[in-house]
Every structure is written in structure tokens, then in C-alpha cells.
Amino acid sequence: MTFEIKAIELSCGKLNYHVGGSGTPVLYLHAAGGVMLTEPLKALTKSHMVYAPICPGFDGSEGNERLKTVQDWAAMVAEFAEKVIGPRFDVIGSSFGSWTALWLAANNPKIVDHLILQVPAGFRFGGKGGLPADPEARFKALYAHPQKITSAPKSPEVMTNNGNTYERLANNVQVDEALSARLPSIEAVTLILLGTEDKVVPAEAGAHLKRMIPTSQRAFIFDAAHSIEVDQPERTLRLWTAFLKRGPGYVLNQGPEAA
């Protein structure tokens, strides 16, 4: 199944988005590197209708100065979901996308059914984690197995604009205290998904979210760094599909295929 790119005019501006598949709707929120159409994401379209909006300013899209925070971006996503997806859907976020997904679920608890938070940004306690400034060190922090990358590379200009847009929305926030106070309001059944080799998101982030979100569980994907979808695509897809189908019972009967 292939994705197509569409666009919609919302109250705060134009939004481009990838869409593909059929079935139960899933909203996918991208990381600071922009949308990567990874193997798990493409495979998910066999059983789900996948929507992947592109935050304005990412992946060559026009920026939107009205978006000043991650919470602003989450509000734009909520309007997009209302107009395009429907009243209730599942959400998968990756890093910056998980930060966005948390604001979405906290501010709109009735619309998110299952919530998967991959390597969630926004909770770097004690300044731990983060990406190195050196490009080579940054690449190593993102990927334990870069040979598994299958998506087309993005130009240096696009990657620079992606990074600048993320930094503008993140506002140098290490720990989103305002969001932390709202976490108990999340009603979605939640899976916090981490990589055993990830040094970008500190372990404390996953532990904090597990404590604060009422119906939540943690899982670790072995031999995966920050980009778990690339490093371990089969394990990632198995967890996604099992959790979206079974909720808290996803860990049962996994046998030798356990992550």
C-alpha cells in the first residue's frame, strides 16, 4: 500500500498530510526529523487507515508562525483529526511526535482510543539525553542499525529546516512541566515504547510517564536506539499491531516473537 499526499486548509493555516491504507484510523505524529515512511508504517496500512500530518515547516512545507509551541501544534492536529479522521482514533507518536500526542490526548481525552508513545521527547530530567551536535555522533545516536534505512534521504536544506522548526516549537524546554501536570487526565490506553540502546530519551522519561498516565504500560525493544522503527521494524510492527488490537493484553501469548 502506498501513501499519497493531500492538503487541507484549517483555521490556523494549511496542513499537508500523508494518507494510506484502509481500516481502523491511526494518526501518526512524526519525529523532529520529519515523516519517515518506515517499513512498519507502510505495513500498518494493510490493516489501518494511516494519517501522517506534516507539521508546517517540516519536509519542505511552508512554515506557520502562528505555531509557537508543541501545544499549538497539537491543537492544529486536533482540528485536523476532527475534520478528516473522525471522532475517535488511535495515535502513534515518535519522539517529538510523542510529545505532540501527549498534549493531544491530555487536551482531548475523549478522542484518543489507543496511544503509543515511542521514545517520547519533552521529559529530559536533569538535562540527560538529547542529540549530539556533531553530525556523525548524532547519526550514531539515532540508529543502531543504519543499514536498515529504506526511506529516501532528505536534503541538507530540508533537514536544517526540520531542525530549526523543532527547536522553535520546543523553546528549549527540557521538561514540560505544564504537560506533566496534565498527564493524569489522559484516558487513552497507553503503551510507552522505548529502545534498549536509546541514549536520546533518558529512562526517567518512560518511568515518569508510566507513573503519571493512569492506564499505561512500558515495553522495551531490544537492540534498538532512538529510531526503533528503523532498527527493529519487525518487532516494532508486532507490538503496534498487538497493542492496537488487544490493548493491555498485548503482552499475552507472544512466545518467541516477544520484543
# chains A, B, ... in the order shown; residues from 1 in each chain; ligands from 1
>>> residues_around(residues="Glu187 of chain A", least_positions_apart="5", cutoff="9 Å", atoms="only C-alpha atoms", output="PyMOL selection string")
chain A and resi 105-106+109-110+112-113+213-215
>>> residues_around(residues="segment 193-198 of chain A", least_positions_apart="6", cutoff="8 Å", atoms="only C-alpha atoms", output="PyMOL selection string")
chain A and resi 116-119+141-142+144+206+218-226+228
>>> select_by_dssp(residues="segment 97-228 of chain A", states="alpha helix (DSSP H)", output="ChimeraX atom specification")
/A:97-107,135-142,156-170,177-182,203-212,228
>>> residues_around(residues="Leu183 of chain A", least_positions_apart="5", cutoff="12 Å", atoms="only C-alpha atoms", output="list in words")
Trp99, Ala101, Leu102, Trp103, Leu104, Ala105, Ala106, Asn107, Asn108, Pro109, Asp176, Glu177, Ala178, Ala188, Thr190, His208, Leu209, Lys210, Arg211, Met212, Ile213, Pro214, Thr215 and Ser216 of chain A
>>> write_last_selection(atoms="N, CA and C atoms", output="tab-separated table (two decimals), in the first residue's frame")
chain	number	residue	atom	x	y	z
A	99	TRP	N	5.57	13.74	22.11
A	99	TRP	CA	5.33	14.97	22.88
A	99	TRP	C	4.02	15.62	22.40
A	101	ALA	N	1.59	14.06	20.77
A	101	ALA	CA	0.49	13.15	21.06
A	101	ALA	C	0.04	13.27	22.51
A	102	LEU	N	0.97	13.50	23.42
A	102	LEU	CA	0.61	13.66	24.83
A	102	LEU	C	-0.25	14.90	25.04
A	103	TRP	N	0.12	16.01	24.42
A	103	TRP	CA	-0.71	17.21	24.52
A	103	TRP	C	-2.08	16.97	23.88
A	104	LEU	N	-2.10	16.28	22.76
A	104	LEU	CA	-3.37	15.97	22.08
A	104	LEU	C	-4.29	15.16	22.99
A	105	ALA	N	-3.74	14.12	23.60
A	105	ALA	CA	-4.55	13.23	24.45
A	105	ALA	C	-4.94	13.90	25.76
A	106	ALA	N	-4.06	14.76	26.29
A	106	ALA	CA	-4.36	15.45	27.55
A	106	ALA	C	-5.46	16.50	27.37
A	107	ASN	N	-5.41	17.22	26.24
A	107	ASN	CA	-6.39	18.27	26.00
A	107	ASN	C	-7.68	17.76	25.37
A	108	ASN	N	-7.64	16.55	24.81
A	108	ASN	CA	-8.82	15.99	24.13
A	108	ASN	C	-8.96	14.52	24.53
A	109	PRO	N	-9.21	14.23	25.81
A	109	PRO	CA	-9.15	12.85	26.30
A	109	PRO	C	-10.17	11.91	25.67
A	176	ASP	N	8.67	19.40	30.19
A	176	ASP	CA	7.41	20.14	30.00
A	176	ASP	C	6.56	19.99	31.26
A	177	GLU	N	6.76	20.89	32.20
A	177	GLU	CA	6.07	20.81	33.49
A	177	GLU	C	4.56	21.00	33.33
A	178	ALA	N	4.15	21.89	32.43
A	178	ALA	CA	2.73	22.11	32.21
A	178	ALA	C	2.06	20.84	31.70
A	188	ALA	N	-6.68	7.56	27.39
A	188	ALA	CA	-6.33	6.54	26.40
A	188	ALA	C	-5.53	5.40	27.04
A	190	THR	N	-2.53	3.33	27.06
A	190	THR	CA	-1.25	3.86	26.57
A	190	THR	C	-0.12	2.86	26.68
A	208	HIS	N	8.54	8.13	34.36
A	208	HIS	CA	7.66	9.23	34.76
A	208	HIS	C	6.29	9.10	34.08
A	209	LEU	N	6.29	8.85	32.79
A	209	LEU	CA	5.02	8.72	32.07
A	209	LEU	C	4.23	7.52	32.58
A	210	LYS	N	4.92	6.44	32.89
A	210	LYS	CA	4.24	5.26	33.42
A	210	LYS	C	3.55	5.57	34.74
A	211	ARG	N	4.20	6.35	35.59
A	211	ARG	CA	3.62	6.72	36.88
A	211	ARG	C	2.42	7.66	36.73
A	212	MET	N	2.50	8.55	35.76
A	212	MET	CA	1.53	9.65	35.69
A	212	MET	C	0.31	9.37	34.82
A	213	ILE	N	0.43	8.50	33.83
A	213	ILE	CA	-0.71	8.21	32.94
A	213	ILE	C	-1.46	7.01	33.52
A	214	PRO	N	-2.74	7.16	33.82
A	214	PRO	CA	-3.47	6.14	34.57
A	214	PRO	C	-3.42	4.73	33.97
A	215	THR	N	-3.76	4.59	32.69
A	215	THR	CA	-3.80	3.26	32.07
A	215	THR	C	-2.64	3.15	31.10
A	216	SER	N	-1.45	2.85	31.63
A	216	SER	CA	-0.26	2.84	30.79
A	216	SER	C	0.66	1.69	31.14
>>> closest_atom_pairs(of="segment 89-201 of chain A", to="segment 246-250 of chain A", cutoff="9 Å", atoms="only C-alpha atoms", output="tab-separated table")
residue	atom	partner	partner_atom	distance
A:His114	CA	A:Gly247	CA	7.1
A:Val189	CA	A:Gly247	CA	6.6
A:Thr190	CA	A:Gly247	CA	8.1
A:Leu191	CA	A:Pro248	CA	8.3
>>> write_last_selection(atoms="all heavy atoms", output="mmCIF file, in the first residue's frame")
data_model
loop_
_atom_site.group_PDB
_atom_site.id
_atom_site.type_symbol
_atom_site.label_atom_id
_atom_site.label_comp_id
_atom_site.auth_asym_id
_atom_site.auth_seq_id
_atom_site.Cartn_x
_atom_site.Cartn_y
_atom_site.Cartn_z
ATOM 1 N N HIS A 114 -6.410 4.176 21.580
ATOM 2 C CA HIS A 114 -5.106 3.622 21.965
ATOM 3 C C HIS A 114 -4.023 4.656 21.649
ATOM 4 O O HIS A 114 -4.066 5.311 20.609
ATOM 5 C CB HIS A 114 -4.818 2.335 21.196
ATOM 6 C CG HIS A 114 -5.745 1.215 21.519
ATOM 7 N ND1 HIS A 114 -7.025 1.152 21.009
ATOM 8 C CD2 HIS A 114 -5.594 0.122 22.301
ATOM 9 C CE1 HIS A 114 -7.619 0.062 21.463
ATOM 10 N NE2 HIS A 114 -6.772 -0.579 22.256
ATOM 11 N N VAL A 189 -5.788 4.189 26.579
ATOM 12 C CA VAL A 189 -4.941 3.056 26.935
ATOM 13 C C VAL A 189 -3.591 3.290 26.259
ATOM 14 O O VAL A 189 -3.519 3.448 25.044
ATOM 15 C CB VAL A 189 -5.562 1.735 26.453
ATOM 16 C CG1 VAL A 189 -4.648 0.570 26.762
ATOM 17 C CG2 VAL A 189 -6.932 1.537 27.085
ATOM 18 N N THR A 190 -2.528 3.326 27.057
ATOM 19 C CA THR A 190 -1.252 3.863 26.575
ATOM 20 C C THR A 190 -0.118 2.858 26.682
ATOM 21 O O THR A 190 0.022 2.169 27.695
ATOM 22 C CB THR A 190 -0.886 5.124 27.384
ATOM 23 O OG1 THR A 190 -1.946 6.082 27.262
ATOM 24 C CG2 THR A 190 0.417 5.740 26.889
ATOM 25 N N LEU A 191 0.696 2.794 25.628
ATOM 26 C CA LEU A 191 1.919 1.993 25.613
ATOM 27 C C LEU A 191 3.104 2.929 25.422
ATOM 28 O O LEU A 191 3.169 3.675 24.442
ATOM 29 C CB LEU A 191 1.890 0.966 24.484
ATOM 30 C CG LEU A 191 3.163 0.135 24.287
ATOM 31 C CD1 LEU A 191 3.467 -0.716 25.517
ATOM 32 C CD2 LEU A 191 3.067 -0.741 23.040
#
>>> residues_around(residues="Lys46 of chain A", least_positions_apart="4", cutoff="9 Å", atoms="only C-alpha atoms", output="ChimeraX atom specification")
/A:1,21-23,42
>>> residues_around(residues="Leu10 of chain A", least_positions_apart="6", cutoff="10 Å", atoms="only C-alpha atoms", output="PDB file with C-alpha atoms, in the first residue's frame")
ATOM      1  CA  MET A  76      -3.783  22.099  14.950  1.00  0.00           C
ATOM      2  CA  VAL A  77      -3.619  18.291  14.870  1.00  0.00           C
ATOM      3  CA  GLU A  79      -8.649  20.279  14.339  1.00  0.00           C
ATOM      4  CA  PHE A  80      -7.216  18.182  11.513  1.00  0.00           C
ATOM      5  CA  LYS A  83     -12.277  17.415  10.095  1.00  0.00           C
TER       6      LYS A  83
END
>>> atom_distance(atom1="atom CA of Gln174 of chain A", atom2="atom CA of Phe125 of chain A")
7.0 Å
